[in-house]
file start.cif (mmCIF, C-alpha atoms)
data_structure
loop_
_atom_site.label_atom_id
_atom_site.label_comp_id
_atom_site.auth_asym_id
_atom_site.auth_seq_id
_atom_site.Cartn_x
_atom_site.Cartn_y
_atom_site.Cartn_z
CA MET A 28 -9.72 14.94 15.10
CA LYS A 29 -6.84 14.34 17.45
CA MET A 30 -4.73 16.95 15.72
CA ILE A 31 -7.50 19.56 15.89
CA HIS A 32 -7.95 18.79 19.54
CA CYS A 33 -4.22 19.16 20.10
CA ILE A 34 -4.11 22.54 18.30
CA LYS A 35 -7.14 23.77 20.25
CA ARG A 36 -5.52 22.74 23.48
CA TRP A 37 -2.29 24.59 22.76
CA LEU A 38 -4.06 27.69 21.52
CA SER A 39 -6.55 27.99 24.36
CA PRO A 40 -6.08 30.74 26.96
CA VAL A 41 -3.71 29.82 29.76
CA GLN A 42 -5.48 31.42 32.65
CA ASP A 43 -8.98 32.21 33.72
CA MET A 44 -9.34 35.05 31.29
CA PRO A 45 -11.65 35.56 28.33
CA ALA A 46 -10.28 34.23 25.05
CA TRP A 47 -10.61 37.65 23.37
CA LEU A 48 -8.44 39.27 26.05
CA TYR A 49 -5.84 36.55 25.75
CA TYR A 50 -5.57 36.95 21.98
CA LEU A 51 -5.62 40.73 22.27
CA LYS A 52 -2.64 40.53 24.59
CA LEU A 53 -0.81 38.22 22.20
CA ILE A 54 -1.42 40.57 19.27
CA THR A 55 -0.31 43.56 21.36
CA VAL A 56 2.96 41.80 22.18
CA ILE A 57 3.52 40.99 18.48
CA LEU A 58 2.74 44.54 17.34
CA MET A 59 4.97 46.09 20.00
CA PHE A 60 7.78 43.76 19.04
CA MET A 61 7.35 44.73 15.38
CA LEU A 62 7.35 48.42 16.23
CA ALA A 63 10.47 48.07 18.35
CA TYR A 64 12.18 46.17 15.54
CA CYS A 65 11.29 48.84 12.98
CA MET A 66 12.40 51.66 15.25
CA ALA A 67 15.69 49.86 15.83
CA GLN A 68 16.34 50.39 12.12
CA GLN A 69 16.79 54.10 12.76
CA ASP A 70 18.91 55.46 9.93
CA ASN A 71 20.88 57.85 12.01
CA PRO A 72 21.31 57.17 15.74
CA PHE A 73 22.12 60.86 16.26
CA PHE A 74 19.00 62.04 14.43
CA TYR A 75 17.28 63.42 17.50
CA GLN A 76 20.35 65.33 18.61
CA ALA A 77 19.34 67.82 15.95
CA PHE A 78 16.36 68.89 18.06
CA MET B 9 5.30 6.33 58.04
CA THR B 10 8.38 8.30 58.83
CA ASP B 11 10.03 6.91 55.66
CA ASN B 12 7.23 8.08 53.36
CA SER B 13 6.49 11.47 54.89
CA PRO B 14 9.21 13.53 53.09
CA GLN B 15 7.91 12.40 49.68
CA THR B 16 4.35 13.64 50.20
CA PRO B 17 4.87 17.42 49.61
CA GLN B 18 7.02 16.83 46.46
CA ALA B 19 4.12 15.70 44.26
CA PRO B 20 2.26 19.09 44.02
CA GLU B 21 5.58 20.93 43.40
CA ALA B 22 6.40 18.71 40.43
CA LEU B 23 2.90 19.24 39.08
CA THR B 24 3.19 23.02 39.38
CA ALA B 25 6.49 23.08 37.50
CA THR B 26 4.99 21.08 34.64
CA MET B 27 2.01 23.38 34.56
CA ARG B 28 4.25 26.42 34.46
CA ILE B 29 6.31 25.05 31.58
CA THR B 30 3.13 24.08 29.75
CA ALA B 31 1.76 27.60 30.21
CA ILE B 32 4.95 29.16 28.84
CA VAL B 33 4.94 26.83 25.84
CA ARG B 34 1.26 27.62 25.26
CA VAL B 35 1.90 31.36 25.27
CA LEU B 36 4.90 30.95 22.93
CA THR B 37 2.80 28.83 20.58
CA GLY B 38 0.07 31.45 20.68
CA LEU B 39 2.61 34.20 19.93
CA MET B 40 3.99 32.28 16.96
CA VAL B 41 0.55 31.65 15.53
CA MET B 42 -0.42 35.30 16.05
CA ALA B 43 2.82 36.47 14.39
CA LEU B 44 2.00 34.24 11.44
CA ILE B 45 -1.55 35.60 11.19
CA VAL B 46 -0.39 39.23 11.52
CA ASN B 47 2.23 38.61 8.83
CA ILE B 48 -0.37 37.16 6.46
CA ILE B 49 -2.75 40.09 7.11
CA LEU B 50 0.02 42.64 6.48
CA ASN B 51 1.17 40.91 3.30
CA VAL B 52 -2.40 40.74 1.98
CA SER B 53 -3.11 44.35 2.94
CA SER B 54 0.07 45.51 1.17
CA THR B 55 -1.06 43.68 -1.94
CA LEU B 56 -4.58 45.10 -1.85
CA TRP B 57 -3.63 48.62 -0.71
CA PRO B 58 0.02 49.08 -1.71
CA ASN B 59 0.28 52.65 -0.47
CA TRP B 60 -1.09 52.38 3.03
CA ILE B 61 2.54 52.62 4.07
CA PRO B 62 4.37 54.54 1.34
CA GLU B 63 7.34 52.84 -0.27
CA LYS B 64 10.26 54.94 0.92
CA MET B 65 13.05 52.61 -0.04
CA SER B 66 12.09 51.89 -3.62
CA GLY B 67 12.38 53.72 -6.93
CA ALA B 68 9.07 55.59 -6.56
CA GLY B 69 9.88 56.50 -2.96
CA PHE B 70 13.27 57.91 -3.90
CA GLN B 71 11.85 59.84 -6.84
CA LYS B 72 9.26 61.43 -4.57
CA ASP B 73 11.92 62.28 -2.02
CA ILE B 74 14.21 63.80 -4.67
CA THR B 75 11.33 65.84 -6.12
CA GLN B 76 10.52 67.23 -2.66
CA ARG B 77 14.17 68.19 -2.11
CA VAL B 78 14.33 70.00 -5.47
CA HIS B 79 11.10 71.92 -4.83
CA ALA B 80 12.22 72.83 -1.30
CA ALA B 81 15.61 74.03 -2.60
CA GLU B 82 13.94 76.11 -5.30
CA LYS B 83 11.68 77.68 -2.70
CA ALA B 84 14.62 78.32 -0.37
CA PHE B 85 16.63 80.10 -3.09
CA THR B 86 13.60 82.17 -4.11
CA SER B 87 12.47 83.19 -0.65
CA ASN B 88 15.78 83.56 1.17
CA ALA B 89 17.87 86.51 0.04
CA GLN B 90 20.90 85.24 1.97
CA LEU B 91 21.08 82.20 -0.28
CA GLN B 92 21.36 84.24 -3.46
CA ASN B 93 25.15 84.45 -3.21
CA GLN B 94 25.66 80.89 -2.09
CA LYS B 95 26.95 78.25 -4.44
CA LEU B 96 24.96 75.13 -5.05
CA CYS B 97 26.42 71.65 -5.44
CA VAL B 98 24.17 68.73 -6.36
CA PHE B 99 24.90 65.04 -6.03
CA LEU B 100 23.28 62.83 -8.64
CA GLY B 101 23.57 59.10 -8.68
CA LEU B 102 22.30 55.87 -7.27
CA SER B 103 22.73 54.06 -3.98
CA SER B 104 26.54 53.90 -4.13
CA GLN B 105 26.84 57.68 -3.93
CA ARG B 106 23.80 58.06 -1.67
CA GLU B 107 25.45 55.87 0.96
CA SER B 108 28.92 57.40 0.48
CA VAL B 109 28.30 61.10 0.93
CA ASP B 110 27.76 62.77 4.28
CA LEU B 111 26.56 66.28 3.53
CA ALA B 112 27.19 67.54 7.07
CA THR B 113 30.84 66.51 6.84
CA LEU B 114 31.23 68.44 3.58
CA THR B 115 29.57 71.52 5.06
CA ASP B 116 31.85 71.39 8.11
CA ILE B 117 35.07 70.90 6.21
CA ASP B 118 35.06 72.86 3.05
CA GLY B 119 34.85 76.42 4.31
CA ILE B 120 33.08 77.41 1.11
CA ASP B 121 29.77 79.18 1.34
CA ALA B 122 27.94 76.40 -0.47
CA LYS B 123 24.74 74.44 -0.16
CA TYR B 124 24.75 70.73 -0.85
CA LEU B 125 21.73 69.06 -2.37
CA GLY B 126 21.67 65.26 -2.26
CA LEU B 127 19.57 63.88 -5.11
CA CYS B 128 20.70 60.27 -5.27
CA GLY B 129 18.14 57.49 -5.56
CA ALA B 130 18.38 53.78 -6.10
CA GLY B 131 18.32 51.49 -9.08
CA LEU B 132 20.26 49.26 -11.38
CA SER B 133 21.40 51.51 -14.18
CA MET B 134 21.87 55.09 -15.35
CA ALA B 135 18.44 55.35 -16.96
CA THR B 136 16.95 55.05 -13.46
CA MET B 137 19.10 57.95 -12.32
CA THR B 138 17.74 60.12 -15.14
CA GLN B 139 14.18 59.23 -14.27
CA GLN B 140 14.54 59.79 -10.53
CA SER B 141 16.32 63.12 -10.85
CA SER B 142 13.99 64.49 -13.53
CA ALA B 143 12.63 67.09 -11.05
CA LEU B 144 15.99 68.88 -11.12
CA PHE B 145 15.71 69.45 -14.85
CA ASP B 146 12.16 70.74 -14.51
CA SER B 147 13.32 73.26 -11.90
CA ASN B 148 15.03 76.64 -12.09
CA LEU B 149 18.03 75.49 -10.08
CA ASN B 150 21.41 76.19 -11.65
CA PRO B 151 24.02 74.34 -9.64
CA GLN B 152 27.61 75.52 -9.90
CA LEU B 153 28.81 71.97 -9.44
CA ALA B 154 27.18 68.64 -10.22
CA ILE B 155 28.76 65.42 -9.02
CA ILE B 156 27.48 62.38 -10.88
CA GLY B 157 28.42 59.34 -8.81
CA ILE B 158 28.28 56.08 -10.72
CA ASN B 159 29.83 52.65 -10.92
CA LEU B 160 31.11 51.37 -14.25
CA TYR B 161 28.59 48.53 -14.24
CA HIS B 162 25.75 51.08 -14.25
CA GLN B 163 26.38 51.23 -18.00
CA VAL B 164 24.75 47.82 -18.24
CA ASP B 165 21.01 47.41 -17.88
CA PRO B 166 20.55 43.93 -16.34
CA LEU B 167 17.10 43.69 -17.92
CA VAL B 168 18.63 43.94 -21.40
CA ILE B 169 21.09 41.18 -20.51
CA ALA B 170 18.33 39.05 -18.97
CA LYS B 171 16.28 39.30 -22.16
CA LEU B 172 19.29 38.22 -24.20
CA LYS B 173 19.96 35.29 -21.88
CA GLN B 174 16.31 34.30 -22.01
CA ALA B 175 16.45 34.22 -25.80
CA ASP B 176 19.56 32.03 -25.64
CA ALA B 177 18.15 29.60 -23.08
CA PRO B 178 14.37 29.41 -23.37
CA VAL B 179 14.14 26.38 -21.05
CA VAL B 180 13.28 27.52 -17.56
CA THR B 181 15.29 25.74 -14.92
CA LYS B 182 13.28 24.28 -12.06
CA THR B 183 14.08 25.96 -8.78
CA GLY B 184 11.68 23.93 -6.63
CA LEU B 185 9.46 25.09 -3.81
CA PRO B 186 10.63 28.16 -1.96
CA ILE B 187 11.84 27.54 1.60
CA ILE B 188 10.94 23.82 1.49
CA THR B 189 13.40 22.76 -1.22
CA PRO B 190 16.48 24.42 0.31
CA LEU B 191 15.38 23.16 3.75
CA LEU B 192 15.23 19.58 2.48
CA LYS B 193 18.64 20.07 0.88
CA GLY B 194 19.98 21.28 4.22
CA ASP B 195 20.77 24.76 2.88
CA ILE B 196 19.96 26.71 6.04
CA ARG B 197 21.27 30.02 4.68
CA LYS B 198 19.02 29.90 1.62
CA THR B 199 16.07 28.71 3.72
CA TRP B 200 16.46 31.66 6.06
CA HIS B 201 16.88 34.14 3.19
CA GLN B 202 13.76 32.88 1.44
CA THR B 203 11.82 32.91 4.70
CA ARG B 204 12.71 36.47 5.59
CA GLN B 205 11.71 37.65 2.11
CA ARG B 206 8.18 36.68 3.14
CA ILE B 207 8.22 38.40 6.50
CA TRP B 208 6.44 41.73 6.03
CA VAL B 209 8.07 43.50 8.94
CA TYR B 210 11.53 42.56 7.64
CA GLN B 211 10.77 43.75 4.12
CA ARG B 212 9.13 47.02 5.13
CA ARG B 213 11.03 47.80 8.34
CA ARG B 214 12.75 50.86 6.91
CA ASP B 215 9.53 52.19 5.39
CA VAL B 216 7.81 51.87 8.77
CA ASN B 217 10.77 53.46 10.48
CA THR B 218 10.89 56.38 8.05
CA VAL B 219 7.15 57.01 8.31
CA LEU B 220 7.32 56.90 12.11
CA THR B 221 10.36 59.16 12.23
CA GLU B 222 8.86 61.69 9.84
CA ASN B 223 5.66 61.86 11.85
CA LEU B 224 7.49 62.16 15.15
CA ALA B 225 9.65 64.93 13.72
CA ALA B 226 6.57 66.69 12.33
CA ILE B 227 4.95 66.58 15.78
CA ASN B 228 8.19 67.85 17.26
CA THR B 229 8.24 70.80 14.84
CA GLN B 230 4.60 71.61 15.57
CA MET B 231 5.30 71.59 19.30
CA LEU B 232 8.33 73.84 18.85
CA ASN B 233 6.20 76.22 16.79
CA LEU B 234 3.47 76.11 19.41
CA PHE B 235 5.89 77.22 22.11
CA GLY B 236 7.50 79.77 19.82
CA THR B 237 10.95 78.19 19.85
CA SER B 238 13.15 76.45 17.29
CA SER B 239 15.32 73.36 17.07
CA SER B 240 19.03 73.55 17.87
CA SER B 241 19.84 72.92 14.20
CA GLY B 242 17.47 75.68 13.14
CA SER B 243 16.18 73.58 10.26
CA ASP B 244 13.35 71.19 9.65
CA GLU B 245 14.96 67.75 9.43
CA VAL B 246 12.01 66.31 7.55
CA THR B 247 11.46 68.85 4.79
CA SER B 248 14.74 70.77 4.63
CA PRO B 249 16.31 70.35 1.15
CA TRP B 250 19.78 70.25 2.76
CA ARG B 251 19.05 67.21 4.92
CA GLU B 252 21.11 64.06 4.56
CA MET B 253 20.13 61.60 1.87
CA ILE B 254 18.11 58.55 2.85
CA ARG B 255 20.44 55.77 3.91
CA ILE B 256 20.12 52.05 4.14
CA ASP B 257 22.74 51.91 6.89
CA GLY B 258 23.59 48.25 6.71
CA PRO B 259 25.84 46.48 9.18
CA GLU B 260 29.42 47.71 9.44
CA LYS B 261 30.70 44.47 8.00
CA ALA B 262 29.07 41.55 6.22
CA SER B 263 30.12 37.92 6.36
CA LYS B 264 32.35 36.49 3.65
CA ALA B 265 29.40 34.40 2.50
CA THR B 266 27.37 37.57 1.98
CA TYR B 267 30.13 39.25 -0.06
CA LYS B 268 30.41 36.05 -2.11
CA ALA B 269 26.63 35.81 -2.62
CA GLN B 270 26.45 39.46 -3.71
CA THR B 271 29.34 39.04 -6.13
CA GLN B 272 27.53 36.02 -7.58
CA SER B 273 24.31 38.02 -7.83
CA TYR B 274 26.12 40.76 -9.78
CA ALA B 275 27.69 38.10 -11.99
CA ASN B 276 24.24 36.64 -12.70
CA ARG B 277 23.16 40.08 -13.99
CA GLY B 278 25.96 39.89 -16.55
CA LEU B 279 27.84 42.84 -15.07
CA PHE B 280 31.18 41.02 -15.22
CA ASP B 281 30.86 39.79 -18.81
CA VAL B 282 32.83 41.63 -21.47
CA ALA B 283 29.98 40.95 -23.92
CA SER B 284 27.55 42.97 -21.76
CA TYR B 285 29.50 46.13 -22.57
CA GLU B 286 29.08 45.80 -26.33
CA PRO B 287 28.14 49.29 -27.66
CA GLN B 288 24.75 48.19 -29.01
CA LEU B 289 23.74 46.84 -25.56
CA ILE B 290 24.60 49.95 -23.57
CA THR B 291 23.25 52.63 -25.91
CA GLN B 292 20.29 53.54 -23.68
CA GLU B 293 22.42 53.87 -20.57
CA GLU B 294 24.99 55.98 -22.38
CA LYS B 295 22.22 58.22 -23.69
CA ALA B 296 20.80 58.63 -20.18
CA LEU B 297 24.18 59.71 -18.83
CA ASN B 298 24.86 62.01 -21.78
CA ASP B 299 21.44 63.68 -21.42
CA ILE B 300 22.10 64.47 -17.76
CA ILE B 301 25.56 65.88 -18.51
CA ARG B 302 24.26 67.96 -21.42
CA GLU B 303 21.38 69.37 -19.39
CA LEU B 304 23.69 70.30 -16.51
CA GLN B 305 26.29 71.89 -18.76
CA GLN B 306 23.55 73.96 -20.43
CA ARG B 307 22.71 75.27 -16.96
CA GLY B 308 26.31 76.36 -16.52
CA SER B 309 27.29 73.59 -14.10
CA THR B 310 30.75 72.12 -13.77
CA VAL B 311 30.04 68.42 -14.17
CA VAL B 312 32.28 65.80 -12.60
CA ILE B 313 31.82 62.05 -12.85
CA MET B 314 32.90 60.14 -9.79
CA LEU B 315 33.50 56.42 -10.04
CA MET B 316 32.38 55.38 -6.61
CA PRO B 317 34.45 53.26 -4.21
CA GLU B 318 34.03 49.50 -4.59
CA TYR B 319 34.92 46.41 -2.59
CA SER B 320 38.06 44.79 -4.01
CA SER B 321 36.34 41.69 -5.38
CA LEU B 322 33.79 43.81 -7.23
CA ARG B 323 36.44 46.14 -8.59
CA GLU B 324 38.47 43.23 -9.90
CA SER B 325 35.47 41.52 -11.46
CA VAL B 326 34.26 44.39 -13.63
CA PRO B 327 36.03 44.04 -17.01
CA ALA B 328 38.48 46.70 -18.14
CA VAL B 329 36.38 47.32 -21.23
CA ALA B 330 33.79 49.06 -19.01
CA MET B 331 36.19 51.92 -18.36
CA GLN B 332 37.11 52.11 -22.04
CA ARG B 333 33.45 52.36 -23.04
CA LEU B 334 32.79 55.18 -20.59
CA ALA B 335 35.85 57.14 -21.74
CA GLU B 336 35.04 56.57 -25.44
CA ASN B 337 31.43 57.64 -24.97
CA LEU B 338 32.33 60.86 -23.15
CA GLN B 339 35.08 61.74 -25.62
CA THR B 340 32.91 61.01 -28.67
CA THR B 341 29.88 62.87 -27.36
CA PHE B 342 31.43 65.87 -25.62
CA GLY B 343 34.96 66.17 -26.99
CA ASP B 344 36.82 68.96 -25.22
CA THR B 345 33.89 69.69 -22.94
CA ALA B 346 33.77 66.12 -21.63
CA PRO B 347 33.38 66.08 -17.86
CA GLU B 348 36.32 65.13 -15.68
CA VAL B 349 36.20 61.51 -14.50
CA ILE B 350 37.59 60.88 -11.01
CA ASP B 351 38.34 57.26 -10.30
CA MET B 352 37.65 56.61 -6.62
CA ARG B 353 37.08 52.87 -7.01
CA ASP B 354 40.10 51.91 -4.92
CA ALA B 355 39.99 54.91 -2.59
CA LEU B 356 38.76 52.89 0.39
CA GLY B 357 39.88 49.61 1.95
CA ASP B 358 37.59 46.59 2.22
CA ASP B 359 36.93 47.31 5.89
CA LYS B 360 34.98 50.42 4.85
CA PHE B 361 32.19 48.48 3.11
CA THR B 362 28.91 47.13 4.36
CA ASP B 363 28.55 45.15 1.12
CA ILE B 364 30.43 45.00 -2.16
CA SER B 365 29.12 48.30 -3.52
CA HIS B 366 28.04 50.31 -0.46
CA VAL B 367 30.26 51.86 2.18
CA ASN B 368 29.63 51.61 5.93
CA SER B 369 29.49 54.57 8.31
CA SER B 370 33.27 54.88 8.68
CA GLY B 371 33.60 54.52 4.90
CA ARG B 372 31.10 57.35 4.45
CA MET B 373 33.09 59.66 6.73
CA ALA B 374 36.39 58.70 5.07
CA TYR B 375 34.99 59.22 1.56
CA SER B 376 33.38 62.56 2.44
CA LYS B 377 36.67 63.82 3.87
CA LEU B 378 38.46 62.65 0.72
CA ILE B 379 36.20 64.51 -1.67
CA ALA B 380 35.79 67.70 0.38
CA PRO B 381 39.06 69.31 -0.89
CA MET B 382 38.11 68.36 -4.45
CA LEU B 383 34.80 70.17 -4.10
CA VAL B 384 36.64 73.26 -2.86
CA LYS B 385 38.81 73.17 -5.98
CA TRP B 386 35.87 72.75 -8.37
CA MET B 387 33.73 75.42 -6.77
CA GLN B 388 36.39 78.12 -6.50
#

call {"tool": "encode", "arguments": {"input": "start.cif", "output": "structure tokens"}}
result
Amino acid sequence: MKMIHCIKRWLSPVQDMPAWLYYLKLITVILMFMLAYCMAQQDNPFFYQAF
Amino acid sequence: MTDNSPQTPQAPEALTATMRITAIVRVLTGLMVMALIVNIILNVSSTLWPNWIPEKMSGAGFQKDITQRVHAAEKAFTSNAQLQNQKLCVFLGLSSQRESVDLATLTDIDGIDAKYLGLCGAGLSMATMTQQSSALFDSNLNPQLAIIGINLYHQVDPLVIAKLKQADAPVVTKTGLPIITPLLKGDIRKTWHQTRQRIWVYQRRRDVNTVLTENLAAINTQMLNLFGTSSSSGSDEVTSPWREMIRIDGPEKASKATYKAQTQSYANRGLFDVASYEPQLITQEEKALNDIIRELQQRGSTVVIMLMPEYSSLRESVPAVAMQRLAENLQTTFGDTAPEVIDMRDALGDDKFTDISHVNSSGRMAYSKLIAPMLVKWMQ
């Protein structure tokens, strides 16, 4: 029980905001980070100079 | 009273700092948990719906890409009268040639009115090359020059060797739990490698990147069309058959440990064993190569086999018998019409490699400049 309580405490929203908004923000940060990471794998850094 | 008064305002400040640190740690914990959940969802979704993001950097992805290039080239030669008099040079091979050739460099240097078609895929042996480039042989294209870029160890199919080894040693060695076992042994490098193999975004980063890039470029083209203008290059970088081949573009230089690990991985596939090059074990690969050469020669192409540049440790590890087998096979099968074999294995220094069998960006430029005059000679 203590462990569950501990996990709940650390995963609860940090401010006075709804839980769904808090988790949505977390997911947005993760997805944006993933997108940035993938885009950083650009094959050719001069690709867009062609346009 | 005067002694205690300065201490009074410090209490709330200390409390605020703790709260701030706690909040940061909470958010970081939340981010880690979310990353874990997103990773699980993506892994599961890729298992259930494998094609929701197409595999661009795998055998099927390369075959699809090569097929599109062939069809686009066919269409270009049919529809564009200006291309009728131009010579066509195709590059066939696997990742070693795909990473080594910069088509733009060849176009800039040679001065020959030629079109270069990059049809190199990825795989372990020559049979894969035949399969991935099959679209060329279903097409009406008749290249004047065909460069087949291979490594000597492509004569060996690691699956054949693995089956033999399995028959010799039927007892499966216990490797333990992934991630946990190497972690307990203190092998951080192996722990990290096994962890990243399970991170979806690491595994599929280039697929995501390619899909995003293609879509952005498609939007760009549509916008240019909408405003009645064209790109500075005058060609569609997504569908043009003359575009550069797909590249992995690894780091410019790997660590010594990486070179060592790769060499070991190649050794585990039996590529450095003399016994792996026994004629009865490489029949299928020889046949695959011979079929490609025969088909190209029937189309009137000058066929040249390039032995691609290799990192020194790889070059030294492949047994000399590999070269003998290739020469014997070509001589026996084709006699006087055997294609020329150009040995470029030691053409580049070790600083030009991103790993033991793939060149880095400076290696690509250096190699392309090296072969450009050769292409001029063969196409004249």

call {"tool": "interface_residues", "arguments": {"input": "start.cif", "of": "chain B", "to": "chain A", "cutoff": "10 Å", "atoms": "all atoms listed in the file", "output": "mmCIF file with C-alpha atoms, in the frame of the given file"}}
result
data_model
loop_
_atom_site.group_PDB
_atom_site.id
_atom_site.type_symbol
_atom_site.label_atom_id
_atom_site.label_comp_id
_atom_site.auth_asym_id
_atom_site.auth_seq_id
_atom_site.Cartn_x
_atom_site.Cartn_y
_atom_site.Cartn_z
ATOM 1 C CA MET B 27 2.010 23.380 34.560
ATOM 2 C CA ARG B 28 4.250 26.420 34.460
ATOM 3 C CA THR B 30 3.130 24.080 29.750
ATOM 4 C CA ALA B 31 1.760 27.600 30.210
ATOM 5 C CA ILE B 32 4.950 29.160 28.840
ATOM 6 C CA VAL B 33 4.940 26.830 25.840
ATOM 7 C CA ARG B 34 1.260 27.620 25.260
ATOM 8 C CA VAL B 35 1.900 31.360 25.270
ATOM 9 C CA LEU B 36 4.900 30.950 22.930
ATOM 10 C CA THR B 37 2.800 28.830 20.580
ATOM 11 C CA GLY B 38 0.070 31.450 20.680
ATOM 12 C CA LEU B 39 2.610 34.200 19.930
ATOM 13 C CA MET B 40 3.990 32.280 16.960
ATOM 14 C CA VAL B 41 0.550 31.650 15.530
ATOM 15 C CA MET B 42 -0.420 35.300 16.050
ATOM 16 C CA ALA B 43 2.820 36.470 14.390
ATOM 17 C CA LEU B 44 2.000 34.240 11.440
ATOM 18 C CA ILE B 45 -1.550 35.600 11.190
ATOM 19 C CA VAL B 46 -0.390 39.230 11.520
ATOM 20 C CA TRP B 208 6.440 41.730 6.030
ATOM 21 C CA VAL B 209 8.070 43.500 8.940
ATOM 22 C CA TYR B 210 11.530 42.560 7.640
ATOM 23 C CA ARG B 212 9.130 47.020 5.130
ATOM 24 C CA ARG B 213 11.030 47.800 8.340
ATOM 25 C CA ARG B 214 12.750 50.860 6.910
ATOM 26 C CA ASP B 215 9.530 52.190 5.390
ATOM 27 C CA VAL B 216 7.810 51.870 8.770
ATOM 28 C CA ASN B 217 10.770 53.460 10.480
ATOM 29 C CA THR B 218 10.890 56.380 8.050
ATOM 30 C CA LEU B 220 7.320 56.900 12.110
ATOM 31 C CA THR B 221 10.360 59.160 12.230
ATOM 32 C CA ALA B 225 9.650 64.930 13.720
ATOM 33 C CA ASN B 228 8.190 67.850 17.260
ATOM 34 C CA THR B 229 8.240 70.800 14.840
ATOM 35 C CA LEU B 232 8.330 73.840 18.850
ATOM 36 C CA SER B 238 13.150 76.450 17.290
ATOM 37 C CA SER B 239 15.320 73.360 17.070
ATOM 38 C CA SER B 240 19.030 73.550 17.870
ATOM 39 C CA SER B 241 19.840 72.920 14.200
ATOM 40 C CA GLY B 242 17.470 75.680 13.140
ATOM 41 C CA SER B 243 16.180 73.580 10.260
ATOM 42 C CA ASP B 244 13.350 71.190 9.650
ATOM 43 C CA GLU B 245 14.960 67.750 9.430
ATOM 44 C CA GLU B 252 21.110 64.060 4.560
ATOM 45 C CA ILE B 254 18.110 58.550 2.850
ATOM 46 C CA ARG B 255 20.440 55.770 3.910
ATOM 47 C CA ILE B 256 20.120 52.050 4.140
ATOM 48 C CA ASP B 257 22.740 51.910 6.890
ATOM 49 C CA GLY B 258 23.590 48.250 6.710
ATOM 50 C CA SER B 369 29.490 54.570 8.310
#

call {"tool": "residues_near_point", "arguments": {"input": "start.cif", "point": "(22.9, 33.1, 3.5)", "cutoff": "8 Å", "atoms": "only C-alpha atoms", "output": "PyMOL selection string"}}
result
chain B and resi 196-198+200-201+265-266+269

call {"tool": "resolve_selection", "arguments": {"input": "start.cif", "expression": "the PyMOL selection byres ((chain B and resi 57-70) around 10)", "output": "ChimeraX atom specification"}}
result
/B:51-56,71-76,102,127-131,136-137,139-141,212-219,253-256

call {"tool": "residues_around", "arguments": {"input": "start.cif", "residues": "stretch 148-163 of chain B", "least_positions_apart": "6", "cutoff": "7 Å", "atoms": "all atoms listed in the file", "output": "ChimeraX atom specification"}}
result
/B:82,95-102,105,132-134,279,290,293-294,307-316,330-331,387

call {"tool": "atom_distance", "arguments": {"input": "start.cif", "atom1": "atom CA of B:Phe361", "atom2": "atom CA of B:Val168"}}
result
28.4 Å

call {"tool": "residues_around", "arguments": {"input": "start.cif", "residues": "B:Asp363", "least_positions_apart": "6", "cutoff": "10 Å", "atoms": "all atoms listed in the file", "output": "MDAnalysis selection string"}}
result
chainID B and resid 258:264 266:268 270:271 318:319 322

call {"tool": "atom_distance", "arguments": {"input": "start.cif", "atom1": "atom CA of B:Leu334", "atom2": "atom CA of B:Lys123"}}
result
29.2 Å

call {"tool": "build_atoms", "arguments": {"input": "start.cif", "residues": "stretch 250-259 of chain B", "atoms": "N, CA and C atoms", "output": "short mmCIF file (atom, residue, chain, number, x, y, z; two decimals), in the frame of the given file"}}
result
data_model
loop_
_atom_site.label_atom_id
_atom_site.label_comp_id
_atom_site.auth_asym_id
_atom_site.auth_seq_id
_atom_site.Cartn_x
_atom_site.Cartn_y
_atom_site.Cartn_z
N TRP B 250 18.34 70.48 2.50
CA TRP B 250 19.78 70.25 2.76
C TRP B 250 19.98 69.07 3.70
N ARG B 251 18.92 68.35 4.00
CA ARG B 251 19.05 67.21 4.92
C ARG B 251 19.85 66.09 4.25
N GLU B 252 20.33 65.19 5.08
CA GLU B 252 21.11 64.06 4.56
C GLU B 252 20.24 63.19 3.65
N MET B 253 20.89 62.51 2.74
CA MET B 253 20.13 61.60 1.87
C MET B 253 19.67 60.38 2.67
N ILE B 254 18.62 59.74 2.17
CA ILE B 254 18.11 58.55 2.85
C ILE B 254 19.19 57.46 2.79
N ARG B 255 19.40 56.81 3.90
CA ARG B 255 20.44 55.77 3.91
C ARG B 255 19.88 54.42 4.31
N ILE B 256 20.50 53.41 3.76
CA ILE B 256 20.12 52.05 4.14
C ILE B 256 20.77 51.69 5.47
N ASP B 257 22.00 52.20 5.67
CA ASP B 257 22.74 51.91 6.89
C ASP B 257 22.76 50.43 7.23
N GLY B 258 23.45 49.69 6.44
CA GLY B 258 23.59 48.25 6.71
C GLY B 258 24.58 48.02 7.84
N PRO B 259 24.85 46.77 8.13
CA PRO B 259 25.84 46.48 9.18
C PRO B 259 27.23 46.97 8.76
#
